[in-house]
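*Asks:* One structure, pasted below without further comment.
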Amino acid sequence: MIYQSLAYWMLLAATAAVFSLSSPAAARTRSAALIGASLLTLALVAGIDLWFGVVLLMSVAWIMLAVRLAAGSHKRPVWVLYMLGPVAIVWVLSKVSSASHLGLLQFVGYSYFFIKAGTLLKDLQDRRIENPDPFVVVAYFLHFPTFISGPMHLFNEFDRSLRAPEFPDLEGLVDAVFRILLGLVKVKVLAPLLLPISLEALASSGTLSLATLGIGCIAYSIVIWANFSGYTDLAVATSRLMGVYTPENFNYPYAAANIREFWQRWHITFTRVLTSYVFVPLSRRLQTPLEGRPVTLMIVCTTVTFLFCGFWHGATSNFLVWGLYHAAGLIAYDLYRPGAMRRRLKRKGSPHAALVNRLERWSAIAGTFAFVSAGWIFFVLPISRLLGN
């Protein structure tokens, strides 16, 4: 865990000092300091090997070439997006290869790097970004508080924050310290406490009865939330200590009343990528061939989007099944939603409407939590284990 390393905090303090002492116009100075601190963190704290360092730097250089070509073109050619191909190939290899060096990529942020590269090139092509500073681009890819576990910036918001850093006042400093402590409690206390009875304890051994699966699902729901949101607390707080805004990634996801709301609250920065850079472009591309068939369009786009979501988490069959599971939940909800809205409108004038709506919402929250928790079975357990092989 990099946050337990003294070197991490020393590098963070040094970077924050450069940020606070640099002039408002010195975005390149801040970028250079952040790049240096990020490389040192990855090498000294995260312990990456030489192979990954070479692949990472080659990937940065290749995307920088694509950025320069796009910035120098008035038409923003589509082939600039195709330059994402080599990076995508390395990313896919990191998912499917059993070689130790390529497997390492999956755990040190290359998946986040791939997403950042894709969104950056798409924004360039669509002219949402104009002539980005190369120093800021490299800092964007290597930003060390978020490199390994997110959250994922979009380039424009990272660029704005680096050009106009906002340092916390006393209240903000107290909040940051509280979030660091909260994150450590989640990751080091809560998650390990429940891990022995969670699905992870059943991944390789143990009886898969309805009772053990039920307890394991609920426990793992808390474990994965505690780990993931805990790392988010640490990343957001430490990033803001140096004046760099980092977007929130969780908003009480288990309080969601439906599966769509869950995905608006869970891993928020990835969900917006799935929506804006996968689902929406795919919907536009298929709108003409599927004209007049909106339900088919919704089903196809949702399925493809969540197959990508599953593969992004891992290349094994259980992750793909998990993606399809959530796609099925979203499709079912979207088909059910119009009828549910009509029923709520019908009872609007009823004297018991408020009570019924409240009971319906609490039931919906419980049902959504149960659906998401059951889905972690596919996320954690190999399909062969579920089939008893």
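By convention here, the chains of the structure tokens are called A, B, ... in the order presented, each chain's residues are numbered starting at 1, and ligands are numbered starting at 1 in the order presented.
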Tell me, as a PDB file with N, CA and C atoms, in the first residue's frame, which residues lie within 10 Å of Phe306 (chain A), counting only C-alpha atoms; anything in the same chain fewer than 5 positions away does not count.
*Replies:*
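Now in result26.pdb:
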ATOM      1  N   LEU A 274     -17.989   5.325 -19.497  1.00  0.00           N
ATOM      2  CA  LEU A 274     -18.829   4.338 -20.180  1.00  0.00           C
ATOM      3  C   LEU A 274     -19.992   5.015 -20.895  1.00  0.00           C
ATOM      4  N   VAL A 278     -18.565   5.390 -24.664  1.00  0.00           N
ATOM      5  CA  VAL A 278     -18.903   4.078 -25.217  1.00  0.00           C
ATOM      6  C   VAL A 278     -20.379   4.049 -25.615  1.00  0.00           C
ATOM      7  N   PHE A 279     -21.269   4.241 -24.639  1.00  0.00           N
ATOM      8  CA  PHE A 279     -22.703   4.090 -24.908  1.00  0.00           C
ATOM      9  C   PHE A 279     -23.211   5.133 -25.911  1.00  0.00           C
ATOM     10  N   CYS A 301     -26.775  -1.476 -27.201  1.00  0.00           N
ATOM     11  CA  CYS A 301     -25.769  -0.548 -26.671  1.00  0.00           C
ATOM     12  C   CYS A 301     -25.454  -0.829 -25.209  1.00  0.00           C
ATOM     13  N   PHE A 311     -14.842  -6.639 -19.322  1.00  0.00           N
ATOM     14  CA  PHE A 311     -13.498  -6.940 -19.808  1.00  0.00           C
ATOM     15  C   PHE A 311     -12.475  -5.983 -19.214  1.00  0.00           C
ATOM     16  N   TRP A 312     -12.871  -4.731 -18.992  1.00  0.00           N
ATOM     17  CA  TRP A 312     -11.957  -3.762 -18.391  1.00  0.00           C
ATOM     18  C   TRP A 312     -11.500  -4.230 -17.010  1.00  0.00           C
ATOM     19  N   PHE A 319     -15.791 -12.222 -15.370  1.00  0.00           N
ATOM     20  CA  PHE A 319     -15.980 -10.778 -15.481  1.00  0.00           C
ATOM     21  C   PHE A 319     -16.940 -10.436 -16.621  1.00  0.00           C
ATOM     22  N   LEU A 320     -16.868 -11.197 -17.712  1.00  0.00           N
ATOM     23  CA  LEU A 320     -17.791 -10.961 -18.825  1.00  0.00           C
ATOM     24  C   LEU A 320     -19.222 -11.308 -18.407  1.00  0.00           C
ATOM     25  N   VAL A 321     -19.380 -12.396 -17.661  1.00  0.00           N
ATOM     26  CA  VAL A 321     -20.714 -12.759 -17.158  1.00  0.00           C
ATOM     27  C   VAL A 321     -21.218 -11.691 -16.201  1.00  0.00           C
ATOM     28  N   TRP A 322     -20.321 -11.165 -15.356  1.00  0.00           N
ATOM     29  CA  TRP A 322     -20.706 -10.077 -14.441  1.00  0.00           C
ATOM     30  C   TRP A 322     -21.174  -8.859 -15.224  1.00  0.00           C
ATOM     31  N   GLY A 323     -20.473  -8.520 -16.305  1.00  0.00           N
ATOM     32  CA  GLY A 323     -20.901  -7.401 -17.147  1.00  0.00           C
ATOM     33  C   GLY A 323     -22.264  -7.644 -17.759  1.00  0.00           C
ATOM     34  N   LEU A 324     -22.482  -8.866 -18.272  1.00  0.00           N
ATOM     35  CA  LEU A 324     -23.787  -9.206 -18.864  1.00  0.00           C
ATOM     36  C   LEU A 324     -24.891  -9.193 -17.811  1.00  0.00           C
ATOM     37  N   TYR A 325     -24.554  -9.598 -16.605  1.00  0.00           N
ATOM     38  CA  TYR A 325     -25.517  -9.592 -15.497  1.00  0.00           C
ATOM     39  C   TYR A 325     -26.021  -8.178 -15.235  1.00  0.00           C
ATOM     40  N   HIS A 326     -25.089  -7.214 -15.181  1.00  0.00           N
ATOM     41  CA  HIS A 326     -25.499  -5.828 -14.941  1.00  0.00           C
ATOM     42  C   HIS A 326     -26.199  -5.242 -16.160  1.00  0.00           C
ATOM     43  N   ALA A 327     -25.799  -5.652 -17.360  1.00  0.00           N
ATOM     44  CA  ALA A 327     -26.506  -5.206 -18.558  1.00  0.00           C
ATOM     45  C   ALA A 327     -27.957  -5.682 -18.523  1.00  0.00           C
ATOM     46  N   ALA A 328     -28.165  -6.936 -18.129  1.00  0.00           N
ATOM     47  CA  ALA A 328     -29.526  -7.471 -18.038  1.00  0.00           C
ATOM     48  C   ALA A 328     -30.342  -6.705 -17.003  1.00  0.00           C
ATOM     49  N   LEU A 330     -29.921  -3.531 -16.052  1.00  0.00           N
ATOM     50  CA  LEU A 330     -30.227  -2.203 -16.587  1.00  0.00           C
ATOM     51  C   LEU A 330     -31.299  -2.275 -17.659  1.00  0.00           C
TER      52      LEU A 330
END
*Asks:* Within 7 Å of Pro145 (chain A), counting only C-alpha atoms, which residues show up once you throw out same-chain ones fewer than 6 positions away? Write them as a PyMOL selection string, please.
*Replies:* chain A and resi 235+238-239
*Asks:* Let's have the selection written as an mmCIF file, in the first residue's frame, with N, CA and C atoms.
*Replies:*
data_model
loop_
_atom_site.group_PDB
_atom_site.id
_atom_site.type_symbol
_atom_site.label_atom_id
_atom_site.label_comp_id
_atom_site.auth_asym_id
_atom_site.auth_seq_id
_atom_site.Cartn_x
_atom_site.Cartn_y
_atom_site.Cartn_z
ATOM 1 N N ALA A 235 -6.813 8.968 -2.248
ATOM 2 C CA ALA A 235 -6.375 9.634 -3.481
ATOM 3 C C ALA A 235 -6.914 11.053 -3.571
ATOM 4 N N THR A 238 -5.149 13.290 -0.684
ATOM 5 C CA THR A 238 -3.739 13.605 -0.912
ATOM 6 C C THR A 238 -3.559 14.465 -2.152
ATOM 7 N N SER A 239 -4.393 14.237 -3.158
ATOM 8 C CA SER A 239 -4.306 15.070 -4.361
ATOM 9 C C SER A 239 -4.668 16.511 -4.050
#
*Asks:* DSSP on the backbone, helix (DSSP H, G or I) only: what residues of region 57-215 of chain A does that give? Format it as an NGL selection string.
*Replies:* :A and (57-71 or 79-82 or 84-96 or 100-105 or 110-125 or 134-142 or 155-163 or 170-197 or 199-202 or 210-215)
*Asks:* For a quick check of understanding, using only C-alpha atoms, which of A:Ala14, A:Leu162, A:Ile377, A:Leu50 has the smallest distance to Glu200 (chain A)?
*Replies:*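 That would be A:Ile377, the residue with the smallest distance to Glu200 (chain A).
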*Asks:* Can you pull out every residue within 10 Å of Ala256 (chain A), counting only C-alpha atoms, but drop anything in the same chain fewer than 3 positions away, and send it as a list in words?
*Replies:* Asn251, Tyr252, Pro253, Ile259, Arg260, Glu261, Phe262, Trp263, Gln264, Arg265, Trp266, Arg361, Trp362, Ala364, Ile365, Ala366, Gly367, Thr368 and Phe369 of chain A
*Asks:* Of the residues A:Leu359, A:Leu307, A:Ala374, A:Val136, which is the one nearest to Ile215 (chain A), using only C-alpha atoms?
*Replies:*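 Closest candidate: A:Ala374.
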*Asks:* Would you please work out which residue, of A:Ala255, A:Leu202, A:Leu194, A:Leu42, is nearest to Asn227 (chain A) when using only C-alpha atoms?
*Replies:* A:Leu194
*Asks:* When distances are computed from only C-alpha atoms, which of A:Leu335, A:Ala354, A:Leu34, A:Ala315 shows the smallest separation from Pro294 (chain A)?
*Replies:*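 Of all the options, A:Leu335 lies closest to Pro294 (chain A).
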